[in-house]
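Containing PDB, C-alpha atoms: final10.pdb.
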```pdb
ATOM      1  CA  MET A   1       0.000   0.000   0.000
ATOM      2  CA  LYS A   2       2.825   2.401   0.858
ATOM      3  CA  ASP A   3       4.417   1.742  -2.553
ATOM      4  CA  ALA A   4       1.133   2.565  -4.296
ATOM      5  CA  ILE A   5       0.894   5.911  -2.485
ATOM      6  CA  VAL A   6       4.480   6.750  -3.460
ATOM      7  CA  VAL A   7       3.730   5.895  -7.099
ATOM      8  CA  VAL A   8       0.563   8.031  -7.089
ATOM      9  CA  LEU A   9       2.414  10.978  -5.523
ATOM     10  CA  LEU A  10       5.235  10.592  -8.030
ATOM     11  CA  VAL A  11       2.805  10.550 -10.966
ATOM     12  CA  LEU A  12       0.935  13.590  -9.600
ATOM     13  CA  SER A  13       4.201  15.445  -9.056
ATOM     14  CA  LEU A  14       5.427  14.707 -12.571
ATOM     15  CA  GLY A  15       2.057  15.706 -14.006
ATOM     16  CA  ALA A  16       2.045  18.987 -12.090
ATOM     17  CA  ASN A  17       5.621  19.756 -13.155
ATOM     18  CA  GLY A  18       4.756  19.013 -16.776
ATOM     19  CA  TRP A  19       1.699  21.239 -16.598
ATOM     20  CA  LEU A  20       3.695  24.107 -15.047
ATOM     21  CA  TRP A  21       6.486  23.728 -17.622
ATOM     22  CA  HIS A  22       3.967  23.754 -20.484
ATOM     23  CA  ARG A  23       2.215  26.799 -19.056
ATOM     24  CA  GLN A  24       5.467  28.695 -18.630
ATOM     25  CA  ASN A  25       6.790  27.838 -22.087
ATOM     26  CA  SER A  26       3.551  28.232 -24.000
ATOM     27  CA  ALA A  27       3.002  31.809 -22.861
ATOM     28  CA  GLU A  28       2.739  34.020 -25.896
ATOM     29  CA  GLN A  29       6.208  35.028 -26.969
ATOM     30  CA  PRO A  30       6.841  38.181 -28.994
ATOM     31  CA  PRO A  31       7.512  37.522 -32.675
ATOM     32  CA  GLU A  32      11.128  37.069 -33.688
ATOM     33  CA  LEU A  33      12.304  39.979 -35.842
ATOM     34  CA  ALA A  34      14.585  37.812 -37.984
ATOM     35  CA  LEU A  35      11.635  35.609 -38.941
ATOM     36  CA  GLU A  36       9.462  38.599 -39.839
ATOM     37  CA  MET A  37      12.320  40.088 -41.873
ATOM     38  CA  SER A  38      12.685  36.813 -43.754
ATOM     39  CA  TYR A  39       9.021  37.166 -44.769
ATOM     40  CA  LEU A  40       9.773  40.661 -46.060
ATOM     41  CA  GLN A  41      12.761  39.371 -47.995
ATOM     42  CA  ARG A  42      10.720  36.592 -49.614
ATOM     43  CA  PHE A  43       7.826  38.928 -50.470
ATOM     44  CA  VAL A  44      10.183  41.519 -51.991
ATOM     45  CA  HIS A  45      11.780  38.782 -54.102
ATOM     46  CA  LYS A  46       8.364  37.574 -55.278
ATOM     47  CA  LEU A  47       7.261  41.161 -55.919
ATOM     48  CA  SER A  48      10.359  41.671 -58.037
ATOM     49  CA  LEU A  49       9.550  38.579 -60.097
ATOM     50  CA  ALA A  50       5.913  39.643 -60.487
ATOM     51  CA  VAL A  51       6.959  43.132 -61.637
ATOM     52  CA  GLY A  52       9.509  41.580 -64.016
ATOM     53  CA  ALA A  53       6.714  39.411 -65.427
ATOM     54  CA  ARG A  54       4.448  42.475 -65.714
ATOM     55  CA  ASN A  55       1.778  40.743 -63.672
ATOM     56  CA  PRO A  56      -0.250  43.480 -61.918
ATOM     57  CA  ASP A  57      -2.484  41.112 -59.950
ATOM     58  CA  LEU A  58       0.405  39.148 -58.493
ATOM     59  CA  ALA A  59       2.453  42.296 -57.860
ATOM     60  CA  GLY A  60      -0.540  43.809 -56.066
ATOM     61  CA  PHE A  61      -0.867  40.678 -53.951
ATOM     62  CA  TYR A  62       2.764  40.844 -52.813
ATOM     63  CA  LEU A  63       2.543  44.585 -52.195
ATOM     64  CA  HIS A  64      -0.368  43.856 -49.881
ATOM     65  CA  GLU A  65       1.584  41.107 -48.103
ATOM     66  CA  LEU A  66       4.495  43.502 -47.632
ATOM     67  CA  GLU A  67       2.170  46.134 -46.159
ATOM     68  CA  GLU A  68       0.655  43.628 -43.746
ATOM     69  CA  THR A  69       4.045  42.295 -42.679
ATOM     70  CA  THR A  70       5.536  45.743 -42.107
ATOM     71  CA  GLU A  71       2.455  46.806 -40.135
ATOM     72  CA  ALA A  72       2.749  43.664 -37.990
ATOM     73  CA  ILE A  73       6.422  44.376 -37.320
ATOM     74  CA  GLN A  74       5.672  47.991 -36.423
ATOM     75  CA  GLU A  75       2.932  46.936 -33.992
ATOM     76  CA  ASP A  76       4.477  43.778 -32.531
ATOM     77  CA  ILE A  77       8.201  44.602 -32.537
ATOM     78  CA  PRO A  78       8.425  48.402 -32.337
ATOM     79  CA  THR A  79      11.918  48.223 -30.842
ATOM     80  CA  TYR A  80      14.704  45.687 -31.076
ATOM     81  CA  GLU A  81      18.047  45.779 -29.306
ATOM     82  CA  GLY A  82      17.468  49.444 -28.483
ATOM     83  CA  HIS A  83      16.616  50.440 -32.058
ATOM     84  CA  ARG A  84      13.265  51.983 -32.991
ATOM     85  CA  ILE A  85      12.304  49.489 -35.675
ATOM     86  CA  ALA A  86       8.772  50.833 -36.181
ATOM     87  CA  GLU A  87      10.075  54.340 -36.834
ATOM     88  CA  LEU A  88      12.850  53.133 -39.122
ATOM     89  CA  ILE A  89      10.413  51.074 -41.192
ATOM     90  CA  GLY A  90       8.078  54.058 -41.412
ATOM     91  CA  ALA A  91      10.841  56.399 -42.522
ATOM     92  CA  MET A  92      12.981  54.152 -44.708
ATOM     93  CA  PHE A  93      10.877  51.307 -46.090
ATOM     94  CA  MET A  94       7.286  52.520 -46.330
ATOM     95  CA  PRO A  95       7.952  55.451 -48.703
ATOM     96  CA  GLN A  96       9.750  53.046 -51.041
ATOM     97  CA  LEU A  97       6.920  50.536 -50.818
ATOM     98  CA  GLU A  98       4.351  53.233 -51.606
ATOM     99  CA  ALA A  99       6.380  54.338 -54.626
ATOM    100  CA  VAL A 100       6.532  50.751 -55.957
ATOM    101  CA  ASP A 101       2.783  50.470 -55.408
ATOM    102  CA  ALA A 102       2.199  53.617 -57.473
ATOM    103  CA  ALA A 103       4.441  52.334 -60.273
ATOM    104  CA  VAL A 104       2.566  49.012 -60.357
ATOM    105  CA  LYS A 105      -0.800  50.805 -60.459
ATOM    106  CA  ASP A 106       0.526  52.903 -63.361
ATOM    107  CA  ARG A 107       1.872  49.747 -65.059
ATOM    108  CA  ASP A 108       5.276  51.426 -65.182
ATOM    109  CA  TRP A 109       7.213  48.175 -64.950
ATOM    110  CA  ASP A 110      10.672  49.624 -65.562
ATOM    111  CA  ARG A 111      10.136  52.227 -62.846
ATOM    112  CA  GLY A 112       8.774  49.516 -60.540
ATOM    113  CA  SER A 113      11.922  47.450 -61.024
ATOM    114  CA  GLU A 114      14.118  50.485 -60.308
ATOM    115  CA  LEU A 115      12.126  51.258 -57.173
ATOM    116  CA  ILE A 116      12.459  47.703 -55.920
ATOM    117  CA  GLN A 117      16.227  48.197 -56.167
ATOM    118  CA  SER A 118      15.845  51.408 -54.132
ATOM    119  CA  MET A 119      13.626  49.631 -51.621
ATOM    120  CA  THR A 120      16.265  46.939 -51.175
ATOM    121  CA  ALA A 121      18.932  49.611 -50.706
ATOM    122  CA  ALA A 122      16.716  51.126 -47.976
ATOM    123  CA  CYS A 123      16.647  47.722 -46.256
ATOM    124  CA  ASN A 124      20.429  47.599 -46.314
ATOM    125  CA  SER A 125      20.649  51.183 -45.000
ATOM    126  CA  CYS A 126      18.387  50.214 -42.131
ATOM    127  CA  HIS A 127      20.583  47.216 -41.396
ATOM    128  CA  GLN A 128      23.569  49.557 -41.255
ATOM    129  CA  ALA A 129      21.702  51.923 -38.921
ATOM    130  CA  THR A 130      20.846  49.087 -36.531
ATOM    131  CA  ALA A 131      24.300  47.495 -36.337
ATOM    132  CA  HIS A 132      23.238  44.656 -38.648
ATOM    133  CA  GLY A 133      25.165  45.799 -41.699
ATOM    134  CA  PHE A 134      26.458  42.267 -42.112
ATOM    135  CA  ILE A 135      22.993  41.415 -43.467
ATOM    136  CA  VAL A 136      23.049  42.594 -47.076
ATOM    137  CA  ILE A 137      19.962  41.980 -49.173
ATOM    138  CA  ALA A 138      20.126  41.719 -52.968
ATOM    139  CA  VAL A 139      17.260  41.676 -55.421
ATOM    140  CA  GLY A 140      16.892  38.173 -56.784
ATOM    141  CA  THR A 141      16.431  37.688 -60.501
ATOM    142  CA  SER A 142      16.044  33.916 -60.665
ATOM    143  CA  ASN A 143      12.913  32.068 -59.611
ATOM    144  CA  PRO A 144      13.615  29.576 -56.816
ATOM    145  CA  PHE A 145       9.894  29.212 -56.078
ATOM    146  CA  ASN A 146       7.541  26.535 -57.371
ATOM    147  CA  GLN A 147       5.423  29.306 -58.802
ATOM    148  CA  LYS A 148       4.795  30.937 -62.171
ATOM    149  CA  PHE A 149       4.913  34.717 -62.238
ATOM    150  CA  ARG A 150       3.676  35.369 -65.774
ATOM    151  CA  LYS A 151      -0.041  35.783 -66.244
TER     152      LYS A 151
END
```
Take the structure in this file and express it as structure tokens.
Amino acid sequence: MKDAIVVVLLVLSLGANGWLWHRQNSAEQPPELALEMSYLQRFVHKLSLAVGARNPDLAGFYLHELEETTEAIQEDIPTYEGHRIAELIGAMFMPQLEAVDAAVKDRDWDRGSELIQSMTAACNSCHQATAHGFIVIAVGTSNPFNQKFRK
């Protein structure tokens, strides 16, 4: 009987510890900036391919995804390592994104491609300003995605 009580107490103790560990580690964690930035990088690459293919619907889709992702970063990760990420995105990235959006709406594909280059340069300037200059983004020209970009 004593052994059975010890086993029950051991099982209850392990169960309680597991529950507490799960509760502590499942608490909502703030988003990781590097992950969010990787979404931006992928969407800019896909936007570039859509603009290169002169596909306004697809370009519009990726412009929208970029807007949503930047807004999420500004709201969820306004600062990072002492840097005001929300303000930097607003000042450096958003004007470029709006200019690309205007070029796509005007079907000015050459201008859109040039502006995507400028937008990427703004990303790299922001990396420099936040002591992450070792992260250098380049506009991709090849299609590594299992996706067609031409209409």
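Considering all atoms listed in the file, the residue among A:Ile73, A:Val139, A:Ile116, A:Ala99 positioned nearest to Met37 (chain A) is A:Ile73.
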Subject >> Residues within 10 Å of (6.5, 51.8, -56.4), file coords, all atoms listed in the file, listed as number ranges by chain >> reply: A: 63, 95-106, 108-109, 111-116, 118-119
Original post:
Which residue, A:Ala50, A:Ala34, A:Ala131, A:Cys126, has the smallest gap to Ile89 (chain A) when you use all atoms listed in the file?
Top reply: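 That would be A:Cys126, the residue with the smallest distance to Ile89 (chain A).
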Convert the output of the PyMOL selection byres ((chain A and resi 148) around 12) on the shown file into explicit residues, formatted as a JSON list (two decimals) with C-alpha atoms, in the coordinates of the input.
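What landed in out_30.json:
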```
[["chain", "number", "residue", "atom", "x", "y", "z"],
["A", 46, "LYS", "CA", 8.36, 37.57, -55.28],
["A", 49, "LEU", "CA", 9.55, 38.58, -60.10],
["A", 50, "ALA", "CA", 5.91, 39.64, -60.49],
["A", 52, "GLY", "CA", 9.51, 41.58, -64.02],
["A", 53, "ALA", "CA", 6.71, 39.41, -65.43],
["A", 55, "ASN", "CA", 1.78, 40.74, -63.67],
["A", 58, "LEU", "CA", 0.40, 39.15, -58.49],
["A", 142, "SER", "CA", 16.04, 33.92, -60.66],
["A", 143, "ASN", "CA", 12.91, 32.07, -59.61],
["A", 144, "PRO", "CA", 13.62, 29.58, -56.82],
["A", 145, "PHE", "CA", 9.89, 29.21, -56.08],
["A", 146, "ASN", "CA", 7.54, 26.54, -57.37],
["A", 147, "GLN", "CA", 5.42, 29.31, -58.80],
["A", 149, "PHE", "CA", 4.91, 34.72, -62.24],
["A", 150, "ARG", "CA", 3.68, 35.37, -65.77],
["A", 151, "LYS", "CA", -0.04, 35.78, -66.24]]
```
Within 10 Å of Gln41 (chain A), counting all atoms listed in the file, which residues qualify if same-chain residues fewer than 4 places away don't, as a PDB file with C-alpha atoms, in the frame of the given file?
```
ATOM      1  CA  LEU A  35      11.635  35.609 -38.941  1.00  0.00           C
ATOM      2  CA  GLU A  36       9.462  38.599 -39.839  1.00  0.00           C
ATOM      3  CA  MET A  37      12.320  40.088 -41.873  1.00  0.00           C
ATOM      4  CA  HIS A  45      11.780  38.782 -54.102  1.00  0.00           C
ATOM      5  CA  LYS A  46       8.364  37.574 -55.278  1.00  0.00           C
ATOM      6  CA  LEU A  47       7.261  41.161 -55.919  1.00  0.00           C
ATOM      7  CA  LEU A  66       4.495  43.502 -47.632  1.00  0.00           C
ATOM      8  CA  THR A 120      16.265  46.939 -51.175  1.00  0.00           C
ATOM      9  CA  CYS A 123      16.647  47.722 -46.256  1.00  0.00           C
ATOM     10  CA  ILE A 137      19.962  41.980 -49.173  1.00  0.00           C
ATOM     11  CA  ALA A 138      20.126  41.719 -52.968  1.00  0.00           C
ATOM     12  CA  VAL A 139      17.260  41.676 -55.421  1.00  0.00           C
ATOM     13  CA  GLY A 140      16.892  38.173 -56.784  1.00  0.00           C
TER      14      GLY A 140
END
```
Subject >> Atom pair CA of Glu65 (chain A) / CA of Arg42 (chain A): separation (Å) >> reply: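 Between these atoms lies a distance of 10.3 Å.
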Missing atoms in region 121-138 of chain A should be modelled up to N, CA and C atoms and reported as a PDB file, keeping the file's coordinate frame.
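Full text of result_14.pdb as output:
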```
ATOM      1  N   ALA A 121      17.852  48.770 -51.245  1.00  0.00           N
ATOM      2  CA  ALA A 121      18.932  49.611 -50.706  1.00  0.00           C
ATOM      3  C   ALA A 121      18.504  50.230 -49.376  1.00  0.00           C
ATOM      4  N   ALA A 122      17.226  50.589 -49.247  1.00  0.00           N
ATOM      5  CA  ALA A 122      16.716  51.126 -47.976  1.00  0.00           C
ATOM      6  C   ALA A 122      16.797  50.062 -46.876  1.00  0.00           C
ATOM      7  N   CYS A 123      16.508  48.820 -47.231  1.00  0.00           N
ATOM      8  CA  CYS A 123      16.647  47.722 -46.256  1.00  0.00           C
ATOM      9  C   CYS A 123      18.085  47.652 -45.754  1.00  0.00           C
ATOM     10  N   ASN A 124      19.014  47.696 -46.683  1.00  0.00           N
ATOM     11  CA  ASN A 124      20.429  47.599 -46.314  1.00  0.00           C
ATOM     12  C   ASN A 124      20.886  48.810 -45.500  1.00  0.00           C
ATOM     13  N   SER A 125      20.336  49.987 -45.801  1.00  0.00           N
ATOM     14  CA  SER A 125      20.649  51.183 -45.000  1.00  0.00           C
ATOM     15  C   SER A 125      20.123  51.028 -43.575  1.00  0.00           C
ATOM     16  N   CYS A 126      18.957  50.454 -43.455  1.00  0.00           N
ATOM     17  CA  CYS A 126      18.387  50.214 -42.131  1.00  0.00           C
ATOM     18  C   CYS A 126      19.241  49.205 -41.359  1.00  0.00           C
ATOM     19  N   HIS A 127      19.702  48.187 -42.048  1.00  0.00           N
ATOM     20  CA  HIS A 127      20.583  47.216 -41.396  1.00  0.00           C
ATOM     21  C   HIS A 127      21.850  47.899 -40.882  1.00  0.00           C
ATOM     22  N   GLN A 128      22.390  48.801 -41.681  1.00  0.00           N
ATOM     23  CA  GLN A 128      23.569  49.557 -41.255  1.00  0.00           C
ATOM     24  C   GLN A 128      23.244  50.389 -40.010  1.00  0.00           C
ATOM     25  N   ALA A 129      22.088  51.040 -40.025  1.00  0.00           N
ATOM     26  CA  ALA A 129      21.702  51.923 -38.921  1.00  0.00           C
ATOM     27  C   ALA A 129      21.431  51.168 -37.625  1.00  0.00           C
ATOM     28  N   THR A 130      21.175  49.881 -37.717  1.00  0.00           N
ATOM     29  CA  THR A 130      20.846  49.087 -36.531  1.00  0.00           C
ATOM     30  C   THR A 130      21.942  48.081 -36.173  1.00  0.00           C
ATOM     31  N   ALA A 131      23.143  48.351 -36.632  1.00  0.00           N
ATOM     32  CA  ALA A 131      24.300  47.495 -36.337  1.00  0.00           C
ATOM     33  C   ALA A 131      24.130  46.076 -36.876  1.00  0.00           C
ATOM     34  N   HIS A 132      23.402  45.951 -37.974  1.00  0.00           N
ATOM     35  CA  HIS A 132      23.238  44.656 -38.648  1.00  0.00           C
ATOM     36  C   HIS A 132      23.678  44.764 -40.114  1.00  0.00           C
ATOM     37  N   GLY A 133      24.676  45.592 -40.350  1.00  0.00           N
ATOM     38  CA  GLY A 133      25.165  45.799 -41.699  1.00  0.00           C
ATOM     39  C   GLY A 133      25.742  44.553 -42.347  1.00  0.00           C
ATOM     40  N   PHE A 134      25.975  43.541 -41.562  1.00  0.00           N
ATOM     41  CA  PHE A 134      26.458  42.267 -42.112  1.00  0.00           C
ATOM     42  C   PHE A 134      25.352  41.524 -42.852  1.00  0.00           C
ATOM     43  N   ILE A 135      24.115  41.987 -42.708  1.00  0.00           N
ATOM     44  CA  ILE A 135      22.993  41.415 -43.467  1.00  0.00           C
ATOM     45  C   ILE A 135      22.779  42.310 -44.675  1.00  0.00           C
ATOM     46  N   VAL A 136      23.151  41.825 -45.838  1.00  0.00           N
ATOM     47  CA  VAL A 136      23.049  42.594 -47.076  1.00  0.00           C
ATOM     48  C   VAL A 136      22.078  41.872 -48.002  1.00  0.00           C
ATOM     49  N   ILE A 137      20.999  42.550 -48.322  1.00  0.00           N
ATOM     50  CA  ILE A 137      19.962  41.980 -49.173  1.00  0.00           C
ATOM     51  C   ILE A 137      20.228  42.383 -50.621  1.00  0.00           C
ATOM     52  N   ALA A 138      20.001  41.456 -51.530  1.00  0.00           N
ATOM     53  CA  ALA A 138      20.126  41.719 -52.968  1.00  0.00           C
ATOM     54  C   ALA A 138      18.812  41.320 -53.633  1.00  0.00           C
TER      55      ALA A 138
END
```
